[in-house]
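Undergrad: You'll find upload_13.txt just under this line, and it carries compact mmCIF, C-alpha atoms.
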```txt
# COMPACT_ATOMS: atom_id res chain seq x y z
CA MET A 1 7.88 -18.09 12.63
CA ARG A 2 7.92 -14.31 12.83
CA LEU A 3 11.32 -12.66 12.59
CA PRO A 4 12.13 -9.58 14.70
CA PRO A 5 11.70 -6.28 12.79
CA TRP A 6 15.43 -5.47 12.79
CA LEU A 7 16.28 -8.83 11.19
CA GLN A 8 13.48 -8.48 8.64
CA GLN A 9 14.88 -5.08 7.67
CA GLN A 10 18.42 -6.42 7.28
CA LEU A 11 17.23 -9.28 5.11
CA GLN A 12 15.13 -6.91 3.03
CA ASN A 13 18.09 -4.56 2.52
CA ALA A 14 20.23 -7.50 1.39
CA ALA A 15 17.52 -8.59 -1.05
CA ASP A 16 17.24 -5.06 -2.42
CA VAL A 17 20.98 -4.89 -3.12
CA TYR A 18 20.99 -8.35 -4.71
CA THR A 19 18.12 -7.68 -7.10
CA ALA A 20 19.23 -4.12 -7.95
CA TYR A 21 22.33 -5.46 -9.70
CA ARG A 22 20.75 -8.36 -11.55
CA PRO A 23 19.92 -7.13 -15.08
CA GLN A 24 16.37 -7.64 -16.32
CA SER A 25 14.89 -7.19 -19.77
CA VAL A 26 12.62 -4.19 -20.34
CA PRO A 27 8.94 -5.21 -20.12
CA SER A 28 6.64 -4.76 -23.10
CA GLN A 29 4.75 -1.53 -23.68
CA LYS A 30 1.54 -3.29 -22.65
CA LYS A 31 2.96 -4.50 -19.34
CA LEU A 32 4.46 -1.11 -18.56
CA LYS A 33 1.11 0.59 -19.10
CA GLU A 34 -0.68 -1.98 -16.93
CA CYS A 35 1.77 -1.64 -14.04
CA LYS A 36 0.11 -0.15 -10.93
CA VAL A 37 2.52 1.46 -8.50
CA VAL A 38 1.42 2.07 -4.91
CA SER A 39 3.20 4.65 -2.78
CA HIS A 40 3.75 3.10 0.66
CA ARG A 41 2.67 5.76 3.19
CA GLY A 42 3.15 8.37 0.46
CA GLU A 43 6.41 9.98 -0.65
CA TYR A 44 8.40 11.08 2.37
CA ASP A 45 11.79 11.48 4.01
CA ASN A 46 10.41 12.13 7.52
CA LYS A 47 12.44 15.32 7.67
CA HIS A 48 10.77 17.69 5.26
CA VAL A 49 7.80 15.56 4.24
CA PHE A 50 6.37 13.06 6.71
CA GLU A 51 4.82 9.67 5.99
CA ASN A 52 1.06 9.24 6.00
CA THR A 53 0.44 12.97 5.65
CA LEU A 54 -1.41 14.98 3.01
CA PRO A 55 1.85 16.46 1.58
CA ALA A 56 3.27 12.93 1.21
CA PHE A 57 0.19 11.79 -0.69
CA GLN A 58 0.14 14.98 -2.78
CA VAL A 59 3.63 14.25 -4.10
CA ALA A 60 2.51 10.78 -5.21
CA HIS A 61 -0.59 12.19 -6.90
CA LYS A 62 1.30 14.94 -8.75
CA ASN A 63 3.73 12.39 -10.14
CA ASN A 64 1.17 10.06 -11.72
CA VAL A 65 1.45 7.29 -9.13
CA TRP A 66 -1.58 4.98 -9.29
CA GLY A 67 -2.30 4.46 -5.59
CA ILE A 68 -1.31 5.10 -1.99
CA GLU A 69 -1.08 2.85 1.05
CA LEU A 70 -2.15 4.37 4.37
CA ASP A 71 -2.64 3.16 7.93
CA ILE A 72 -5.52 4.05 10.20
CA ARG A 73 -5.78 4.21 13.97
CA TRP A 74 -8.53 5.48 16.26
CA THR A 75 -8.43 8.40 18.67
CA LYS A 76 -9.92 8.30 22.17
CA ASP A 77 -13.13 9.90 20.88
CA LEU A 78 -13.20 7.40 17.99
CA PHE A 79 -12.08 9.35 14.94
CA PRO A 80 -10.02 7.36 12.43
CA VAL A 81 -6.71 9.11 11.75
CA VAL A 82 -3.96 8.21 9.31
CA MET A 83 -0.96 7.04 11.32
CA HIS A 84 1.20 3.92 11.30
CA ASP A 85 2.49 3.94 14.87
CA LYS A 86 0.50 3.74 18.10
CA ASN A 87 2.58 6.60 19.42
CA CYS A 88 3.72 9.93 17.97
CA GLN A 89 7.27 9.61 19.34
CA ARG A 90 9.09 8.29 16.25
CA LEU A 91 7.73 10.83 13.78
CA PHE A 92 7.04 13.91 15.86
CA GLY A 93 9.10 13.42 19.02
CA LYS A 94 6.06 13.49 21.29
CA ASP A 95 5.04 10.73 23.66
CA ILE A 96 1.38 10.79 22.69
CA LYS A 97 -0.65 7.60 22.35
CA ILE A 98 -3.30 7.89 19.65
CA LYS A 99 -5.95 5.79 21.40
CA LYS A 100 -5.66 7.80 24.63
CA THR A 101 -5.89 11.21 22.96
CA LYS A 102 -8.89 13.10 21.64
CA LEU A 103 -8.77 14.28 18.04
CA SER A 104 -8.67 17.98 18.94
CA GLU A 105 -5.74 17.39 21.30
CA LEU A 106 -3.92 15.24 18.77
CA GLN A 107 -4.29 17.80 15.98
CA ALA A 108 -3.12 20.59 18.28
CA ALA A 109 0.02 18.64 19.20
CA CYS A 110 0.67 17.02 15.80
CA PRO A 111 -1.18 19.03 13.13
CA LEU A 112 0.32 17.03 10.27
CA ILE A 113 -1.63 13.89 11.19
CA PRO A 114 -4.68 13.81 8.89
CA THR A 115 -8.02 12.18 9.52
CA LEU A 116 -9.19 9.44 7.19
CA LYS A 117 -12.02 11.76 6.19
CA GLN A 118 -9.51 14.38 4.98
CA VAL A 119 -7.58 11.85 2.92
CA ILE A 120 -10.74 10.51 1.29
CA ALA A 121 -11.98 14.05 0.57
CA GLU A 122 -8.74 15.01 -1.18
CA PHE A 123 -7.70 11.79 -2.88
CA GLY A 124 -10.81 9.63 -3.21
CA ASN A 125 -11.51 8.90 -6.90
CA LYS A 126 -8.05 10.31 -7.72
CA LEU A 127 -5.78 7.68 -6.20
CA HIS A 128 -6.52 4.08 -5.34
CA LEU A 129 -6.59 3.85 -1.54
CA MET A 130 -4.94 0.83 0.09
CA ILE A 131 -6.24 1.24 3.64
CA GLU A 132 -4.43 -0.83 6.24
CA LEU A 133 -6.31 -1.76 9.39
CA LYS A 134 -3.83 -1.84 12.25
CA LYS A 135 -4.32 -4.48 14.92
CA GLU A 136 -5.99 -2.77 17.87
CA LYS A 137 -9.08 -3.13 20.01
CA TYR A 138 -12.22 -1.40 18.78
CA PRO A 139 -13.97 0.01 21.91
CA ASP A 140 -17.29 0.52 20.12
CA PRO A 141 -17.23 -1.78 17.07
CA GLU A 142 -20.76 -1.07 15.87
CA TYR A 143 -20.20 2.69 15.86
CA GLN A 144 -16.72 2.45 14.35
CA VAL A 145 -17.96 0.23 11.54
CA GLN A 146 -20.68 2.79 10.79
CA VAL A 147 -18.05 5.55 10.67
CA LEU A 148 -15.92 3.68 8.14
CA GLU A 149 -18.90 2.70 6.01
CA SER A 150 -20.17 6.28 5.93
CA MET A 151 -16.79 7.76 5.04
CA LEU A 152 -16.29 5.34 2.16
CA SER A 153 -19.86 5.46 0.86
CA GLY A 154 -18.93 7.72 -2.04
CA LEU A 155 -16.29 5.29 -3.33
CA LYS A 156 -16.57 1.89 -5.00
CA HIS A 157 -14.97 -0.99 -3.13
CA GLY A 158 -12.40 -2.86 -5.17
CA GLU A 159 -12.26 -0.10 -7.76
CA ASP A 160 -11.40 2.88 -5.57
CA TYR A 161 -10.05 1.18 -2.46
CA HIS A 162 -9.06 -2.04 -0.72
CA PHE A 163 -8.57 -2.95 2.93
CA LEU A 164 -5.27 -4.47 4.02
CA SER A 165 -4.31 -6.12 7.28
CA LEU A 166 -1.65 -8.37 8.77
CA THR A 167 -4.39 -9.84 10.97
CA PRO A 168 -7.37 -11.56 9.30
CA LYS A 169 -9.60 -10.87 12.33
CA MET A 170 -9.47 -7.15 11.60
CA PHE A 171 -11.59 -7.68 8.50
CA GLN A 172 -14.61 -8.32 10.75
CA TYR A 173 -14.82 -4.53 11.15
CA VAL A 174 -15.32 -3.91 7.44
CA GLU A 175 -17.89 -6.55 6.57
CA PHE A 176 -19.99 -3.88 4.86
CA VAL A 177 -17.92 -4.70 1.76
CA PRO A 178 -17.38 -8.15 0.21
CA SER A 179 -14.31 -10.22 1.10
CA SER A 180 -12.94 -9.53 -2.38
CA THR A 181 -12.02 -6.09 -0.99
CA TYR A 182 -9.68 -7.63 1.61
CA LEU A 183 -5.95 -8.07 1.02
CA LEU A 184 -3.98 -10.08 3.55
CA VAL A 185 -0.48 -8.77 4.21
CA SER A 186 2.16 -11.47 4.70
CA GLU A 187 5.54 -11.02 6.33
CA THR A 188 7.70 -14.15 6.56
CA ASN A 189 4.58 -16.36 6.85
CA THR A 190 3.80 -16.17 3.15
CA GLN A 191 2.69 -19.79 2.66
CA LYS A 192 0.29 -19.64 5.60
CA SER A 193 -1.09 -16.24 4.58
CA SER A 194 -1.58 -17.48 1.03
CA LYS A 195 -3.69 -20.42 2.24
CA VAL A 196 -5.80 -18.13 4.41
CA ALA A 197 -6.42 -15.65 1.58
CA LEU A 198 -7.35 -18.46 -0.81
CA GLY A 199 -9.53 -20.26 1.73
CA GLN A 200 -11.42 -17.14 2.81
CA ASN A 201 -11.96 -15.87 -0.75
CA TYR A 202 -10.16 -12.62 -0.11
CA GLY A 203 -9.30 -10.23 -2.90
CA GLY A 204 -5.70 -11.32 -2.75
CA LEU A 205 -2.36 -11.22 -0.99
CA THR A 206 0.55 -8.82 -0.56
CA GLY A 207 4.06 -9.49 0.70
CA HIS A 208 7.78 -9.27 0.08
CA PHE A 209 8.87 -9.73 -3.52
CA LEU A 210 11.31 -12.57 -2.77
CA LEU A 211 8.71 -14.64 -0.89
CA LEU A 212 5.86 -14.20 -3.35
CA THR A 213 7.00 -16.73 -5.92
CA LYS A 214 5.58 -17.27 -9.39
CA LYS A 215 3.87 -20.42 -8.10
CA ILE A 216 2.06 -18.53 -5.33
CA ILE A 217 1.09 -15.76 -7.74
CA ARG A 218 -0.39 -18.31 -10.17
CA LEU A 219 -2.40 -19.94 -7.37
CA HIS A 220 -4.05 -16.61 -6.56
CA HIS A 221 -4.57 -15.60 -10.17
CA ASN A 222 -6.24 -18.95 -10.82
CA LYS A 223 -8.83 -18.00 -8.18
CA ASP A 224 -9.26 -14.50 -9.63
CA GLN A 225 -7.32 -12.98 -6.75
CA GLN A 226 -4.71 -10.27 -7.09
CA VAL A 227 -1.17 -10.02 -5.75
CA GLY A 228 0.94 -7.06 -4.68
CA THR A 229 4.65 -7.16 -3.93
CA GLY A 230 6.83 -4.81 -1.94
CA PHE A 231 8.97 -3.04 -1.32
CA ILE A 232 10.49 -2.44 -4.73
CA THR A 233 13.34 0.09 -4.80
CA SER A 234 15.24 -0.36 -8.07
CA LYS A 235 14.66 -0.53 -11.82
CA ASN A 236 15.84 -4.13 -12.12
CA CYS A 237 13.60 -5.27 -9.28
CA LEU A 238 10.70 -3.35 -10.84
CA PHE A 239 11.20 -5.15 -14.16
CA ARG A 240 11.54 -8.47 -12.33
CA GLU A 241 8.18 -8.05 -10.63
CA ILE A 242 6.42 -6.85 -13.78
CA HIS A 243 7.64 -9.99 -15.55
CA LYS A 244 6.16 -12.05 -12.68
CA ASN A 245 2.75 -10.57 -13.57
CA VAL A 246 2.06 -9.07 -10.15
CA ASP A 247 -0.92 -6.73 -9.99
CA TRP A 248 0.52 -4.04 -7.73
CA ILE A 249 4.00 -2.74 -6.95
CA PHE A 250 4.29 -1.32 -3.42
CA SER A 251 7.25 0.96 -2.91
CA ASN A 252 8.83 3.60 -0.69
CA LYS A 253 10.23 5.05 -3.92
CA ALA A 254 7.03 5.02 -5.94
CA VAL A 255 7.63 8.34 -7.70
CA GLU A 256 11.07 7.19 -8.84
CA LEU A 257 9.64 3.94 -10.22
CA GLN A 258 6.72 5.73 -11.90
CA LYS A 259 9.15 8.05 -13.68
CA ILE A 260 11.05 5.03 -14.99
CA ILE A 261 7.82 3.53 -16.32
CA ASP A 262 6.54 6.79 -17.83
CA GLY A 263 9.92 7.48 -19.43
CA LEU A 264 10.02 4.08 -21.10
CA ILE A 265 6.44 4.40 -22.34
CA VAL A 266 7.22 7.77 -23.95
CA LYS A 267 10.49 6.48 -25.37
CA LYS A 268 8.90 3.39 -26.89
CA ALA A 269 6.02 5.41 -28.32
CA ALA A 270 8.46 7.85 -29.93
CA ARG A 271 10.49 5.02 -31.39
CA LYS A 272 7.34 3.44 -32.83
CA THR A 273 6.37 6.74 -34.45
CA VAL A 274 9.80 7.13 -36.04
CA ASN A 275 9.76 3.57 -37.36
CA SER A 276 6.30 4.04 -38.86
CA LYS A 277 7.51 7.05 -40.84
CA GLN A 278 10.52 5.26 -42.32
```
Using structure tokens, write down the structure that the file contains.

TA:
Amino acid sequence: MRLPPWLQQQLQNAADVYTAYRPQSVPSQKKLKECKVVSHRGEYDNKHVFENTLPAFQVAHKNNVWGIELDIRWTKDLFPVVMHDKNCQRLFGKDIKIKKTKLSELQAACPLIPTLKQVIAEFGNKLHLMIELKKEKYPDPEYQVQVLESMLSGLKHGEDYHFLSLTPKMFQYVEFVPSSTYLLVSETNTQKSSKVALGQNYGGLTGHFLLLTKKIIRLHHNKDQQVGTGFITSKNCLFREIHKNVDWIFSNKAVELQKIIDGLIVKKAARKTVNSKQ
């Protein structure tokens, strides 16, 4: 069963409040250093800095965040651009459908929307790219696959980037990399998504932190798959997920979480130095 977006958001907000006020012990120095935070659509407020734009990704990079999640859609003339929505209305107040607009027209109307090529050129080999394939029809699959393969040819799959999707069928367009590069995104269908990811030998699974239980995480780790949880917004929830041994922390407040981690690492290192001198 798939819940409507508004109900999912309300339940997520309630979960965030609940976990934010449940104290958690501070993870070990080793676990803090291993924690990989992913900035979901970059760091943005959609007023001064907009999601899925170069400035949003630049903020994440400057603040030591490990990776970024970004969404791609295709223009009418088949250029992959970084945009979550099908339409530019929500972000830029313009009723422009990406798939019905040529790149030159789109950039003239909404210059903040970057191409995938621009993002790779600026952040490839600097940030880990979690590239989400949005569910949409590919008018010229063979050509579009060649475009993606060419753009990513300078990066190493699994090390520099992964592909994410809510829809397993979308992975057919990126078969130039092994299935270990694919991460299935679960919503409320976590059990079903977990079985698919395990059965298809994907690289792993991502989903909401309350639904990705320790049991599910162990199942994937036992098959050498990785797990990412989102969307973490507080220190206590961050510690909770680190203790669950998840591989990635997806967040809309990635910079804030990274500062907590970096601060604790510095603090613990300083304390160790002092103790060694006594």

Undergrad: What lies within 10 Å of Asp140 of chain A using all atoms listed in the file, ignoring chain neighbours under 4 positions off, as a VMD selection string?

TA: chain A and resid 78 144 to 145

Undergrad: Give the answer as one residue: which of A:Lys126, A:Lys102, A:Lys134, A:His61 has the shortest atom-to-atom distance to Asp85 of chain A, using only C-alpha atoms?

TA: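 For Asp85 of chain A, the nearest of the given residues is A:Lys134.
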
Undergrad: With a distance cut-off of 9 Å and all atoms listed in the file, select the neighbouring residues of Ile217 of chain A, excluding the residue or stretch itself and same-chain residues fewer than 6 positions from it, and output the selection as a tab-separated table (two decimals) with C-alpha atoms, in the coordinates of the input.

TA:
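To be explicit, this is the file written out as result.tsv:
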```tsv
chain	number	residue	atom	x	y	z
A	205	LEU	CA	-2.36	-11.22	-0.99
A	225	GLN	CA	-7.32	-12.98	-6.75
A	226	GLN	CA	-4.71	-10.27	-7.09
A	227	VAL	CA	-1.17	-10.02	-5.75
A	244	LYS	CA	6.16	-12.05	-12.68
A	245	ASN	CA	2.75	-10.57	-13.57
A	246	VAL	CA	2.06	-9.07	-10.15
```

Undergrad: Any idea what's packed within 12 Å of Lys62 of chain A, counting all atoms listed in the file, ignoring anything in its chain fewer than 5 positions away? Could you give it as a list of chain:residue names?

TA: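 The residues satisfying every condition are A:Gly42, A:Glu43, A:Pro55, A:Ala56, A:Phe57, A:Gly67, A:Phe123, A:Lys126, A:Leu127, A:Ala254, A:Val255, A:Gln258, A:Lys259.
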
Undergrad: Which is closest to His243 of chain A among A:Glu34, A:Glu187, A:Glu136, A:Glu105, if we use only C-alpha atoms?

TA: A:Glu34

Undergrad: Give me, as a tab-separated table, each residue of segment 73-135 of chain A that comes within 8 Å of segment 150-162 of chain A, together with its shortest interatomic pair and the distance in Å at one decimal, counting only C-alpha atoms, with rows ordered by chain and rising residue number.

TA:
```
residue	atom	partner	partner_atom	distance
A:Lys117	CA	A:Met151	CA	6.3
A:Ile120	CA	A:Met151	CA	7.6
A:Gly124	CA	A:Leu155	CA	7.0
A:Asn125	CA	A:Asp160	CA	6.2
A:Leu127	CA	A:Asp160	CA	7.4
A:His128	CA	A:Asp160	CA	5.0
A:Leu129	CA	A:Tyr161	CA	4.5
A:Met130	CA	A:His162	CA	5.1
A:Ile131	CA	A:His162	CA	6.1
```

Undergrad: For segment 259-265 of chain A, take all atoms listed in the file, fit an axis-aligned box around them, add 4 Å to each of the six sides, then output centre and edge lengths in Å rounded to one decimal, as AutoDock Vina command-line options.

TA:
```
--center_x 8.7 --center_y 5.8 --center_z -18.0 --size_x 12.6 --size_y 12.5 --size_z 16.7
```

Undergrad: With all atoms listed in the file as the basis for distance, which of A:His40, A:Asp16, A:Lys192, A:Pro23 is at the shortest distance from Arg240 of chain A?

TA: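 Of the candidates, the smallest distance to Arg240 of chain A is held by A:Pro23.
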
Undergrad: Taking into account all atoms listed in the file, which residue in the set A:Met170, A:Val49, A:Leu183, A:Leu32 is nearest to Tyr138 of chain A?

TA: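 Once distances to Tyr138 of chain A are computed over all atoms listed in the file, the minimum belongs to A:Met170.
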
Undergrad: For segment 109-111 of chain A, list every protein, DNA or RNA residue within 12 Å, evaluated using all atoms listed in the file, and leave out those in the same chain fewer than 4 positions away; present the list as a ChimeraX atom specification.

TA: /A:50,53-54,81-83,87-89,91-98,101-105,115

Undergrad: When distances are computed from all atoms listed in the file, which of A:Gln58, A:Lys267, A:Arg22, A:Ile72 shows the smallest separation from Glu122 of chain A?

TA: A:Gln58

Undergrad: Could you check which of A:Lys253, A:Lys33, A:Arg73, A:Arg218 is closest to Phe231 of chain A, using only C-alpha atoms?

TA: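 Under the stated criterion, the closest residue is A:Lys253.
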
Undergrad: Distance atom CA of Leu211 of chain A-atom CA of Tyr173 of chain A, one decimal place?

TA: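 Straight-line distance from atom CA of Leu211 of chain A to atom CA of Tyr173 of chain A works out to 28.3 Å.
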